[in-house]
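See below for the structure under consideration.
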Amino acid sequence: APDSSKPTVIKIAETAGVPAAFLEYGEEKGLFKAQGLDLEIDTAAGGAAVIPGVVSGNYQFGGSNTTSVLLAASKGLPISLVAPGTFATDKTDEDFSAVLVAKDSPITSAQDLAGKKIAVNTLKNIGDVTIKAALEARGVDTSGIQFVELGFPDMLATLDAGRVDAAWEIEPFVSLGREQGFRPVLWPYVESKPSLQVGSYVASTKYVNERPKVVEAFQKGVAATAEAIASDPAGFRTALPTLQKVTPEAAQKMILPVWQAKCDLDSLSFMAEKMGKYGLSDGKIDLDKLVASGAAE
Amino acid sequence: MLEVRGLRKVYGGHGRTVEAVRDLTFELKAGELACLVGPSGCGKTTLLKCIAGLLAPTSGEVSVHGQRVAGPPADMAVVFQEYGRSLYPWMTVGANVELPLKEKRLVRARRRQLVTDSLAAVGLHDVENAYPWQLSGGMQQRVAIARALAYEPQVLLMDEPFAAVDAQTRADLEDLVRSVWQRFGITLLFVTHDIDEAVYLGERVIVLSASPTVVQHQVTVDLPTERDQLATRSLARFAELRAEIYQQIHQAKAASTADRLAAEALA
Amino acid sequence: MLEVRGLRKVYGGHGRTVEAVRDLTFELKAGELACLVGPSGCGKTTLLKCIAGLLAPTSGEVSVHGQRVAGPPADMAVVFQEYGRSLYPWMTVGANVELPLKEKRLVRARRRQLVTDSLAAVGLHDVENAYPWQLSGGMQQRVAIARALAYEPQVLLMDEPFAAVDAQTRADLEDLVRSVWQRFGITLLFVTHDIDEAVYLGERVIVLSASPTVVQHQVTVDLPTERDQLATRSLARFAELRAEIYQQIHQAKAASTADRLAAEALA
Amino acid sequence: MSGPTSVSTGRASPVTLSQPAALQSGTAAHQRRRHLPLGLFGLIGLLLVLELVPRIGLVSPAYLSPTSEIVKTLAGEVGRPSFWIAVWDTVRSWAIGLIIAVIAGTVVGLILGSVGFLRRLTSSLIEFLRPIPSVSLVPLAVLLYGNDIRSKLLLIVYAAFWQVLIQVMYGAHDVDPVAADTARSFRLGRLALLRHVTWPTVLPYFMTGVRLAASVALILAVTGELVIGAPGLGKEIAIAQSSAAIPLVYAYVVTTGLLGVLVNLGARAVERRVLSWHPSVRGEVAA
Amino acid sequence: MTWLLRRATSLAFIVGLPLVVFVALWFGTAGSTNFYLPSMQVIMDSLASDWLGSRLGDDVLPSLARLAMGYLLAAVLGVGLGVLVGLSRPVRQVLEPVLEFFRAIPPPVLVPVLILFAGIGTTMKVFVIASGAVWPILLNSVEGVRAVDPVQLDTARCYRFSRRALLRRVVLPAASPQIFAGLRQALSIAIILMVISEMFAATNGLGFAIVQLQRSFAIPEMWAGIVVLGLLGFVLSILFRFVEDRVLAWHRGLRRAERS
Ligand SMILES: Nc1ncnc2c1ncn2[C@@H]1O[C@H](COP(=O)(O)OP(=O)(O)OP(=O)(O)O)[C@@H](O)[C@H]1O
Ligand SMILES: Nc1ncnc2c1ncn2[C@@H]1O[C@H](COP(=O)(O)OP(=O)(O)OP(=O)(O)O)[C@@H](O)[C@H]1O
Ligand SMILES: O=[N+]([O-])[O-]
Ligand SMILES: [Mg+2]
Ligand SMILES: [Mg+2]
């Protein structure tokens, strides 16, 4: 059990920017310390290292997007989903992720995206899955859509040059793009499923079995932090520039994700189903086995 | 036709400054054949490179055809002392000889003929398709000579061109050089360290002093124009000329040794 | 002491197979000084490389000190025809001469002395700190000789070592070689294309035929051991020997030409 | 002797090429003084172009910051300790990785280059391993070492090693046979041959190899930081990218480039010293 | 007979060591439980089923096409610029820091800038490949040209070779052994850059597939892809040696003759 006098040091990797700021905020507010944990946060620039790092024991916990976690699980990687990360909002015109088109683009609505070339940061991952799901929900034919892989930072310039028809961006690029006249035509997360669980924290199965108390403490810390942000969003926005490389103006304007105490099993099974449908996994992902006890309601 | 005036050349760098040539002035008339002799290291190669426009003099000047030399003049061929390195190892012997002719824009048939003839003239009939590195030292040197001859230059500079060939071949080549010279009216400057050769070949012999180099002496070779290896070399006048030049070179070296000793005494 | 038996060497490759050496058999007694002459390209360098253990014969064998040569034998030094490339451009002249001595594990003082002495012996007093490429051709060649002398070998092979030096220096070096040979009882094989030099230097002259090469003739030089550039060369016996060898070489070349003509006629 | 420079050789065909050293004007010291400003001109020219391209609207300044903006941002960063910590993280792993790669590449290269049997034996395995990109070793690196410096080192050493190895092998193979024969005739031992003949011949190749390895190592250090998220300039670039701080991205990119220039200046200086005898250098040093 | 024997030994040399390593790995990894280091057998299975199947046309061929174009561009640029820089000291002094600057910028951060100018298609990837592969060619060309024997140059100048002939007949052949050292090194770098280029804005390709497999945790397939990369490099290097042996026949002959 976590010794209250001497906190357990936890190495954790999370995506740079707002997701990492979440952990740092909780750490700063002492919400993890209260659970006897001392977080050592590594902001993973690229996501490539997080899950392998967790499996090999370099990190005790790691934050990744839900699709990647499910993918890893479907391939038999010994990991467990221990806590939720970010969630989409439930507003269909305001989320931290959107498909943008150029100012003078002939595309005016989601329907026009049929047969177009869309940039996503990673192919066969959460971007194209949710875009397809959202478009299908609107009855758009997705068979002719061509996805191109492009880094988030490079998308606006490429869109500007007309080299892609649309780009799936996340914050801060969504706000930045809208300021420059780019228009959102689709909110893939919200439109595929309101309050979609986008991020997840994982640990290795071995760790979950051996250190259930630490996992539980971590879950409590995440829940407390989510609660703190929900009750004082302005406080989090003010803290953002001190935590990550976000300018104060952007911190005030940008659309933030939502955090919750527990995983949303509906989101997970929705995602697993779509992944099977679009051929990312060969069907069965055993969510019961994947989700650690205490992670969901 | 070829004038060297007040030529001085100082090499510097790498912690060693050498005044290779101090002050050279001499002149060759068109169609003249002069031999240049002098002790090893006195600056013969340096002088030749300056005349060929490959090396800029420290002071003084060289002119050919009345024009000041700034780069290699037209219609001049040079046979280098480092014959081995002047042949291109990536080409066959034939291609080595032919390449300058291509540059001269001669037609193919003429080129082929010149290549075959000049190789035959230096006693290499059957190596056209060999690579230079498949030949012995003496054979390589003869290829370099053949290349210069095939070029049909008006001015020919040769730097110890027979150093690596055997006596018999050497005699043959000496006669070849004289006959080519006579036939085409070439202006020829020939560096050698063999005094007999200088007398046998030249119309004039220029003797350089030891370094720092000046023209120590010039000897006009008043032997008959038609020369013969046995007859000419046994002439009394030949022996006299030979002795005179030997004497001069001996003095040149002695002087330089005396100089050095004097300098050391002072130091 | 040095025995060559039935040596044959065929070069192959690149569409040209050359039987450089057909069948060589001769022998040198310990402390003997023999000169090797032969037409250009007849295989003198090839033979020397086989003796030095640098080239494997196609057949036949070489033995030194009664031991069959498989690699370079101990206490043998070689002066290469390509003197320029045998000096290391990354070392000063002094370091070039000193390197083999280091390998011989001589103490520093002794090494320094040998370097200075041998360079002085070849007439190069002041170039120890220069790089080889800062020297004239003849100077480079003398550095290569100095290196071999400093090594104090028991067997010394020299491949046209005086090709690039002037007459006066050449005479001096010839006397130097003889005095070193006498003083240290070295076994010395000396390749030259200068017949006078061969007679003046050697106790014996081995004449090679033109390629494909065999020993055409051997001449014992029955001149007095103490030799002098002027006196010895003017002896009647000297002229006789000279003529005999000249004759032999002439024959060698003629034979090869006849051979070739015959071969061509057949073809 | 050949100090390549351009001199018109007069009359019919003006040939611009290697001239004997003596045709070059000026003394060694004078030339060295001239060397730096000329290079600076080149860099300044580049910076001017980069200033103008976004300014005249060839590319939107939102994507390609003008030089002045980059310089301003860089000036701001230089005052921060975090900048220097990032530089240090990168430089340290670069230097350690490079040293390991150079030593390993040289030793193995000399052995393989001079022993024909081993060279033939290993050549196919080398050709197989060499084109495998370090980046594809990321999962392995992370698995073994996480985002520790050792991960980066694995990538750096793997990539830089081949650069040195191949150059050294080619060099060891290029020893002048007359030079080698000379050494053999004086019975120089294997070690002496290596030290006095093979090594000087290899040296120019080695220097090229080190220069290639140095920049590949720098590239891999930064790429590793970008991909794995190990601390250093690469990570700063990634973070700046993901927060859309464009001038900052370029400021770090420029820092990386400048590091490369510094590395090369150093390599050139070493080269001028150790290769002063080589035809490629001696013309430049001699008056 | 001797010909057969020679062929057999050279084949033994080529496959010998790789075979030993392969067998060692096969048994060394048999029964591996590490997710990231699967057994050789599993990797080979996926090599046979996956990579030698549909991926050959879908991923390997497009990669090869881009590789060829990028390498060619690098060779032309590298030799051309290298000769220029090697021959002229002023050019070298002006350009060297600029070139070094670009050389030090990692391709992954150069890519966004390249995308600005060359888009996200094949052109961009070809440029990325060329931008990395050009350096060894350039550097070796510069050094090769600078080391041309002065006597060879003097000879050419004496015979007043035109600029063109000087380049074609003297400078390039003389520098060719070193240029080929650069070309050889560039070959494997081009393959590496091919992989890196396909990490951006790609929809197919060997590098794309490997990264994709890595990200979707298809580890045996990923390793099989890496093996394909190695095989590709191996085959290309044999092709390269074939060309090199012909172009540098004189150099081989020269060295062999002098060593014989
Ligand atoms: N590496 C080689 N490859 C092929 N042929 C060669 C090689 N080296 C020498 N030869 C040939 O072997 C013959 C003898 O050459 P070698 O160098 O031994 O002659 P040499 O007697 O030393 O001549 P020189 O007096 O001109 O130096 C020549 O015909 C030459 O073309
Ligand atoms: N590149 C160079 N750098 C420095 N010194 C040089 C250079 N080339 C020649 N020298 C020096 O200049 C002097 C003259 O050399 P040069 O080669 O002209 O002599 P040479 O008369 O041709 O001699 P040899 O008959 O031996 O060929 C020598 O002292 C030599 O050391
Ligand atoms: O190995 N590299 O990825 O350069
Ligand atoms: Mg000379
Ligand atoms: Mg020879």
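Chain lettering (A, B, ...) mirrors the order of the structure tokens, residue numbering begins at 1 for each chain separately, and ligand numbering begins at 1 in order of display.
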Practice prompt. Taking only C-alpha atoms and all ligand atoms into account, report as a PyMOL selection string which residues have an atom no farther than 9 Å from an atom of ligand 1.
Written response: (chain B and resi 127+130-141+164-166) or (chain C and resi 9-14+16-21+37-49+81+159-160+191-193+208+210-213) or (chain E and resi 253-260)
Worksheet item: Do you know which residues are at most 12 Å from Gln248 in chain C counting only C-alpha atoms, after dropping those on the same chain fewer than 3 positions away, and could you put them as a PyMOL selection string?
Response: (chain B and resi 168) or (chain C and resi 37-39+195+205-210+215-219+241-245+251-255)
Discussion item. Residues within 8 Å of range 140-156 of chain E, please, as a PyMOL selection string. Count only C-alpha atoms; anything in the same chain fewer than 2 positions from it doesn't count.
Written reply: (chain B and resi 54+78+80+82+85-88) or (chain D and resi 1-2+4+18+20+208+278-280) or (chain E and resi 78-79+82-87+136-138+158-161+166+170-172+174-179+181-182)
Output N, CA and C atoms for every residue in that selection, as a compact mmCIF listing (two decimals), in the first residue's frame.
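The new file out.txt reads:
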# COMPACT_ATOMS: atom_id res chain seq x y z
N LEU B 54 52.89 26.41 -66.23
CA LEU B 54 52.25 25.64 -65.16
C LEU B 54 52.54 26.20 -63.79
N VAL B 78 54.93 18.82 -73.46
CA VAL B 78 55.89 18.64 -72.38
C VAL B 78 55.97 17.15 -72.05
N PHE B 80 57.05 14.98 -69.03
CA PHE B 80 57.37 15.22 -67.63
C PHE B 80 58.39 14.23 -67.08
N GLU B 82 58.19 13.03 -64.19
CA GLU B 82 57.40 11.99 -63.52
C GLU B 82 56.49 11.32 -64.54
N ARG B 85 53.36 9.16 -63.60
CA ARG B 85 52.16 9.81 -63.11
C ARG B 85 51.51 10.70 -64.16
N SER B 86 52.21 10.92 -65.28
CA SER B 86 51.59 11.78 -66.29
C SER B 86 50.75 10.96 -67.27
N LEU B 87 50.82 9.64 -67.15
CA LEU B 87 49.94 8.80 -67.97
C LEU B 87 48.67 8.51 -67.18
N TYR B 88 47.54 8.46 -67.87
CA TYR B 88 46.28 8.24 -67.18
C TYR B 88 46.01 6.75 -67.03
N MET D 1 50.62 20.19 -54.09
CA MET D 1 51.00 21.18 -55.08
C MET D 1 49.80 21.81 -55.74
N SER D 2 48.69 21.09 -55.75
CA SER D 2 47.58 21.64 -56.49
C SER D 2 46.63 22.35 -55.56
N PRO D 4 43.51 24.04 -55.78
CA PRO D 4 42.50 24.31 -56.78
C PRO D 4 42.02 25.75 -56.63
N SER D 18 42.54 23.60 -61.13
CA SER D 18 43.68 23.47 -60.24
C SER D 18 44.91 24.16 -60.77
N PRO D 20 48.94 25.19 -59.79
CA PRO D 20 49.98 25.00 -58.81
C PRO D 20 49.88 26.10 -57.76
N THR D 208 36.69 12.29 -44.09
CA THR D 208 35.39 12.38 -44.76
C THR D 208 34.35 11.58 -43.98
N HIS D 278 48.84 16.26 -47.64
CA HIS D 278 48.03 15.66 -48.69
C HIS D 278 47.82 16.65 -49.84
N PRO D 279 47.83 16.14 -51.10
CA PRO D 279 47.68 17.05 -52.23
C PRO D 279 46.46 17.96 -52.10
N SER D 280 45.40 17.48 -51.46
CA SER D 280 44.20 18.29 -51.38
C SER D 280 44.36 19.46 -50.43
N GLY E 78 25.09 15.67 -56.61
CA GLY E 78 26.28 15.46 -55.78
C GLY E 78 27.56 15.52 -56.60
N VAL E 79 27.57 14.82 -57.72
CA VAL E 79 28.78 14.82 -58.54
C VAL E 79 28.97 16.20 -59.18
N GLY E 82 29.76 18.68 -56.51
CA GLY E 82 31.02 18.25 -55.89
C GLY E 82 32.21 18.62 -56.75
N VAL E 83 32.09 18.41 -58.05
CA VAL E 83 33.19 18.76 -58.94
C VAL E 83 33.40 20.26 -58.94
N LEU E 84 32.32 20.99 -59.00
CA LEU E 84 32.40 22.45 -58.99
C LEU E 84 33.09 22.94 -57.71
N VAL E 85 32.59 22.44 -56.60
CA VAL E 85 33.13 22.88 -55.31
C VAL E 85 34.58 22.42 -55.14
N GLY E 86 34.86 21.22 -55.64
CA GLY E 86 36.22 20.68 -55.49
C GLY E 86 37.23 21.45 -56.33
N LEU E 87 36.77 21.93 -57.48
CA LEU E 87 37.71 22.58 -58.39
C LEU E 87 38.00 24.01 -58.01
N PRO E 136 27.04 12.24 -48.95
CA PRO E 136 28.25 11.43 -49.16
C PRO E 136 28.80 11.55 -50.58
N ILE E 137 27.91 11.70 -51.55
CA ILE E 137 28.38 11.83 -52.93
C ILE E 137 29.11 13.15 -53.09
N LEU E 138 28.50 14.18 -52.56
CA LEU E 138 29.09 15.51 -52.66
C LEU E 138 30.45 15.55 -51.99
N CYS E 158 48.91 21.13 -70.19
CA CYS E 158 49.89 21.31 -71.24
C CYS E 158 49.31 21.03 -72.61
N TYR E 159 48.51 19.99 -72.69
CA TYR E 159 47.92 19.67 -73.97
C TYR E 159 46.66 20.49 -74.21
N ARG E 160 46.46 21.47 -73.37
CA ARG E 160 45.38 22.44 -73.55
C ARG E 160 44.03 21.76 -73.75
N PHE E 161 43.75 20.81 -72.91
CA PHE E 161 42.45 20.16 -72.95
C PHE E 161 41.38 21.19 -72.72
N LEU E 166 38.81 18.03 -69.90
CA LEU E 166 39.52 17.97 -68.63
C LEU E 166 38.65 17.28 -67.59
N VAL E 170 39.87 13.49 -67.36
CA VAL E 170 40.90 13.47 -66.33
C VAL E 170 40.30 13.56 -64.92
N VAL E 171 39.58 14.64 -64.66
CA VAL E 171 39.15 14.87 -63.28
C VAL E 171 38.18 13.78 -62.82
N LEU E 172 37.16 13.53 -63.63
CA LEU E 172 36.17 12.53 -63.19
C LEU E 172 36.77 11.13 -63.06
N ALA E 174 39.84 10.30 -62.53
CA ALA E 174 40.79 10.28 -61.42
C ALA E 174 40.06 10.25 -60.09
N ALA E 175 38.96 10.97 -60.02
CA ALA E 175 38.22 11.03 -58.75
C ALA E 175 37.25 9.86 -58.62
N SER E 176 37.09 9.08 -59.68
CA SER E 176 36.01 8.10 -59.67
C SER E 176 36.10 7.06 -58.55
N PRO E 177 37.30 6.61 -58.15
CA PRO E 177 37.27 5.66 -57.04
C PRO E 177 36.62 6.25 -55.79
N GLN E 178 36.92 7.51 -55.54
CA GLN E 178 36.34 8.11 -54.34
C GLN E 178 34.87 8.48 -54.56
N ILE E 179 34.54 8.89 -55.77
CA ILE E 179 33.14 9.19 -56.05
C ILE E 179 32.30 7.93 -55.85
N ALA E 181 32.97 5.51 -53.84
CA ALA E 181 32.82 5.29 -52.40
C ALA E 181 31.62 6.07 -51.90
N GLY E 182 31.48 7.29 -52.38
CA GLY E 182 30.35 8.12 -51.98
C GLY E 182 29.03 7.59 -52.49
Response to the item:
Shortest contact to ligand 5, candidates B:Leu223, B:Gly84, B:Asp175, B:Thr232, atoms counted only C-alpha atoms and all ligand atoms, goes to B:Gly84
Item to complete: Give the alpha helix (DSSP H) residues of range 38-210 of chain E, as assigned by DSSP on the backbone, as JSON, numbers by chain.
Response: {"E": [40, 41, 42, 43, 44, 45, 46, 54, 55, 61, 62, 63, 64, 65, 66, 67, 68, 69, 70, 71, 72, 73, 74, 75, 76, 77, 78, 79, 80, 81, 82, 83, 84, 85, 86, 87, 89, 90, 91, 92, 93, 94, 95, 96, 97, 98, 99, 100, 101, 102, 103, 104, 107, 108, 109, 110, 111, 112, 113, 114, 115, 116, 117, 118, 122, 123, 124, 125, 126, 127, 128, 129, 130, 131, 132, 133, 134, 135, 136, 137, 138, 139, 140, 141, 142, 143, 144, 145, 146, 150, 151, 152, 153, 154, 155, 156, 157, 158, 163, 164, 165, 172, 173, 174, 175, 176, 177, 178, 179, 180, 181, 182, 183, 184, 185, 186, 187, 188, 189, 190, 191, 192, 193, 194, 195, 196, 197, 206, 207, 208, 209, 210]}
Item to complete: Could the residues of chain D within 12 Å of chain A, counting only C-alpha atoms, be given as a ChimeraX atom specification, please?
Response: /D:58-64,135-148,151,222-246,248-249
Worksheet item: What are the residues of chain D that have an atom within 8 Å of an atom of chain C, counting only C-alpha atoms, as a ChimeraX atom specification?
Response: /D:176,178-179,181-189,192,197,200,275,277-278
Residues of the last selection are to be written out with all heavy atoms, as a tab-separated table (two decimals), in the first residue's frame.
chain	number	residue	atom	x	y	z
D	176	ASP	N	48.76	2.66	-51.54
D	176	ASP	CA	49.60	2.58	-52.73
D	176	ASP	C	50.49	1.34	-52.63
D	176	ASP	O	51.24	1.17	-51.67
D	176	ASP	CB	50.46	3.84	-52.83
D	176	ASP	CG	51.26	3.87	-54.12
D	176	ASP	OD1	51.69	2.79	-54.59
D	176	ASP	OD2	51.46	4.96	-54.66
D	178	VAL	N	53.18	0.46	-54.10
D	178	VAL	CA	54.62	0.72	-53.98
D	178	VAL	C	54.96	1.10	-52.54
D	178	VAL	O	55.96	0.66	-51.98
D	178	VAL	CB	55.07	1.82	-54.96
D	178	VAL	CG1	56.56	2.07	-54.80
D	178	VAL	CG2	54.76	1.42	-56.39
D	179	ALA	N	54.11	1.91	-51.95
D	179	ALA	CA	54.32	2.29	-50.56
D	179	ALA	C	54.26	1.07	-49.65
D	179	ALA	O	55.09	0.90	-48.74
D	179	ALA	CB	53.27	3.32	-50.13
D	181	ASP	N	54.77	-2.08	-50.57
D	181	ASP	CA	55.93	-2.93	-50.86
D	181	ASP	C	57.16	-2.42	-50.14
D	181	ASP	O	57.96	-3.19	-49.61
D	181	ASP	CB	56.21	-2.92	-52.37
D	181	ASP	CG	55.41	-3.98	-53.10
D	181	ASP	OD1	54.72	-4.76	-52.41
D	181	ASP	OD2	55.48	-4.03	-54.33
D	182	THR	N	57.32	-1.11	-50.15
D	182	THR	CA	58.47	-0.53	-49.46
D	182	THR	C	58.45	-0.94	-48.00
D	182	THR	O	59.46	-1.39	-47.45
D	182	THR	CB	58.41	1.00	-49.57
D	182	THR	OG1	58.32	1.35	-50.95
D	182	THR	CG2	59.64	1.63	-48.97
D	183	ALA	N	57.29	-0.78	-47.38
D	183	ALA	CA	57.19	-1.13	-45.97
D	183	ALA	C	57.48	-2.61	-45.75
D	183	ALA	O	58.21	-2.99	-44.84
D	183	ALA	CB	55.79	-0.79	-45.46
D	184	ARG	N	56.94	-3.43	-46.65
D	184	ARG	CA	57.15	-4.85	-46.48
D	184	ARG	C	58.62	-5.21	-46.66
D	184	ARG	O	59.17	-6.06	-45.95
D	184	ARG	CB	56.29	-5.63	-47.48
D	184	ARG	CG	54.82	-5.59	-47.14
D	184	ARG	CD	54.14	-6.87	-47.57
D	184	ARG	NE	54.08	-6.98	-49.03
D	184	ARG	CZ	54.20	-8.14	-49.67
D	184	ARG	NH1	54.41	-9.25	-49.01
D	184	ARG	NH2	54.11	-8.16	-50.97
D	185	SER	N	59.27	-4.55	-47.63
D	185	SER	CA	60.67	-4.89	-47.88
D	185	SER	C	61.53	-4.53	-46.68
D	185	SER	O	62.56	-5.14	-46.45
D	185	SER	CB	61.17	-4.21	-49.14
D	185	SER	OG	61.39	-2.84	-48.91
D	186	PHE	N	61.11	-3.52	-45.93
D	186	PHE	CA	61.85	-3.20	-44.70
D	186	PHE	C	61.30	-3.97	-43.52
D	186	PHE	O	61.59	-3.65	-42.37
D	186	PHE	CB	61.79	-1.70	-44.42
D	186	PHE	CG	62.69	-0.89	-45.31
D	186	PHE	CD1	62.17	0.01	-46.22
D	186	PHE	CD2	64.07	-1.04	-45.24
D	186	PHE	CE1	63.02	0.75	-47.04
D	186	PHE	CE2	64.92	-0.30	-46.05
D	186	PHE	CZ	64.38	0.59	-46.96
D	187	ARG	N	60.47	-4.95	-43.81
D	187	ARG	CA	59.93	-5.84	-42.79
D	187	ARG	C	59.23	-5.08	-41.66
D	187	ARG	O	59.38	-5.44	-40.49
D	187	ARG	CB	61.01	-6.75	-42.23
D	187	ARG	CG	61.62	-7.66	-43.28
D	187	ARG	CD	62.83	-8.39	-42.75
D	187	ARG	NE	62.50	-9.29	-41.67
D	187	ARG	CZ	61.95	-10.49	-41.83
D	187	ARG	NH1	61.67	-10.90	-43.04
D	187	ARG	NH2	61.70	-11.25	-40.81
D	188	LEU	N	58.49	-4.08	-42.02
D	188	LEU	CA	57.69	-3.41	-41.00
D	188	LEU	C	56.63	-4.40	-40.52
D	188	LEU	O	56.01	-5.09	-41.34
D	188	LEU	CB	56.98	-2.17	-41.59
D	188	LEU	CG	57.65	-0.82	-41.29
D	188	LEU	CD1	58.98	-0.76	-42.02
D	188	LEU	CD2	56.77	0.33	-41.70
D	189	GLY	N	56.44	-4.46	-39.22
D	189	GLY	CA	55.45	-5.40	-38.68
D	189	GLY	C	54.05	-4.94	-39.04
D	189	GLY	O	53.84	-3.86	-39.56
D	192	ALA	N	53.21	-1.67	-37.35
D	192	ALA	CA	53.93	-0.54	-37.91
D	192	ALA	C	53.37	-0.20	-39.29
D	192	ALA	O	53.22	0.97	-39.64
D	192	ALA	CB	55.42	-0.87	-38.02
D	197	VAL	N	51.77	3.39	-42.67
D	197	VAL	CA	51.41	3.38	-44.08
D	197	VAL	C	49.89	3.36	-44.27
D	197	VAL	O	49.32	4.24	-44.90
D	197	VAL	CB	52.04	2.17	-44.81
D	197	VAL	CG1	51.70	2.22	-46.29
D	197	VAL	CG2	53.54	2.18	-44.62
D	200	PRO	N	47.98	6.65	-42.52
D	200	PRO	CA	48.05	7.91	-43.27
D	200	PRO	C	47.26	7.86	-44.58
D	200	PRO	O	46.67	8.86	-44.97
D	200	PRO	CB	49.54	8.09	-43.54
D	200	PRO	CG	50.22	7.30	-42.50
D	200	PRO	CD	49.33	6.13	-42.20
D	275	LEU	N	46.26	16.66	-42.32
D	275	LEU	CA	46.45	16.32	-43.73
D	275	LEU	C	47.29	17.35	-44.46
D	275	LEU	O	47.17	17.51	-45.67
D	275	LEU	CB	45.09	16.18	-44.42
D	275	LEU	CG	44.23	14.99	-44.04
D	275	LEU	CD1	42.96	14.97	-44.86
D	275	LEU	CD2	44.98	13.69	-44.23
D	277	TRP	N	50.07	17.33	-45.48
D	277	TRP	CA	50.93	16.76	-46.52
D	277	TRP	C	50.16	16.33	-47.74
D	277	TRP	O	50.72	16.02	-48.78
D	277	TRP	CB	51.65	15.53	-45.95
D	277	TRP	CG	50.67	14.55	-45.36
D	277	TRP	CD1	50.24	14.52	-44.06
D	277	TRP	CD2	49.95	13.52	-46.03
D	277	TRP	NE1	49.30	13.53	-43.90
D	277	TRP	CE2	49.11	12.90	-45.09
D	277	TRP	CE3	49.96	13.06	-47.35
D	277	TRP	CZ2	48.28	11.84	-45.43
D	277	TRP	CZ3	49.11	12.00	-47.68
D	277	TRP	CH2	48.29	11.42	-46.71
D	278	HIS	N	48.84	16.26	-47.64
D	278	HIS	CA	48.03	15.66	-48.69
D	278	HIS	C	47.82	16.65	-49.84
D	278	HIS	O	47.67	17.84	-49.61
D	278	HIS	CB	46.67	15.26	-48.09
D	278	HIS	CG	45.88	14.35	-48.98
D	278	HIS	ND1	44.87	14.82	-49.77
D	278	HIS	CD2	45.97	13.03	-49.21
D	278	HIS	CE1	44.35	13.81	-50.44
D	278	HIS	NE2	45.00	12.71	-50.12
Worksheet item: When the cut-off is 7 Å and we count only C-alpha atoms, which residues of chain E are near chain D, given as a ChimeraX atom specification?
Response: /E:13-14,17-18,87-89,93-98,100-106,108,136,139,146-147,150,162-163,181,188-189,191-192,226,229-231,233-234,237,255,258-259
Practice prompt. Find the distance between CA of Arg163 in chain A and CA of Leu48 in chain D and write it in Å to one decimal.
Written response: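 Computing the Euclidean distance for CA of Arg163 in chain A and CA of Leu48 in chain D yields 27.9 Å.
Summary of the local environment: counting only C-alpha atoms, residues at most 6 Å from range 72-75 of chain E, other than itself and those fewer than 2 positions away along its chain, are Met69, Gly70, Leu77, Gly78, Val79, Ala130, Ala133 and Val134 of chain E.
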Practice prompt. Using CA of Val235 in chain E and CA of Ala186 in chain E as the two end points, give the distance in Å to one decimal.
Written response: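 Between these atoms lies a distance of 14.9 Å.
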Practice prompt. Find the residues near Tyr201 in chain A: any atom within 8 Å, counting only C-alpha atoms, skip ones fewer than 5 places away on the same chain, and give them as a ChimeraX atom specification.
Written response: /A:61-64,81-85
Worksheet item: Got a sec to pull out which chain E residues are within 8 Å of chain A, counting only C-alpha atoms, and send them as a VMD selection string?
Response: chain E and resid 35 112 115 to 116 119 to 120 200 to 203 212 215 to 218
I need the strand (DSSP E or B) residues of range 209-248 of chain B per DSSP on the backbone, written as a short mmCIF file (atom, residue, chain, number, x, y, z; two decimals) with C-alpha atoms, in the first residue's frame.
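Okay, result_14.cif is ready:
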data_model
loop_
_atom_site.label_atom_id
_atom_site.label_comp_id
_atom_site.auth_asym_id
_atom_site.auth_seq_id
_atom_site.Cartn_x
_atom_site.Cartn_y
_atom_site.Cartn_z
CA THR B 213 70.40 28.96 -59.84
CA VAL B 214 71.75 31.21 -62.55
CA VAL B 215 72.97 30.39 -66.04
CA GLN B 216 76.52 29.38 -65.36
CA HIS B 217 77.66 28.90 -68.89
CA GLN B 218 76.49 28.39 -72.43
CA VAL B 219 78.29 26.25 -74.96
CA THR B 220 77.54 26.23 -78.66
#
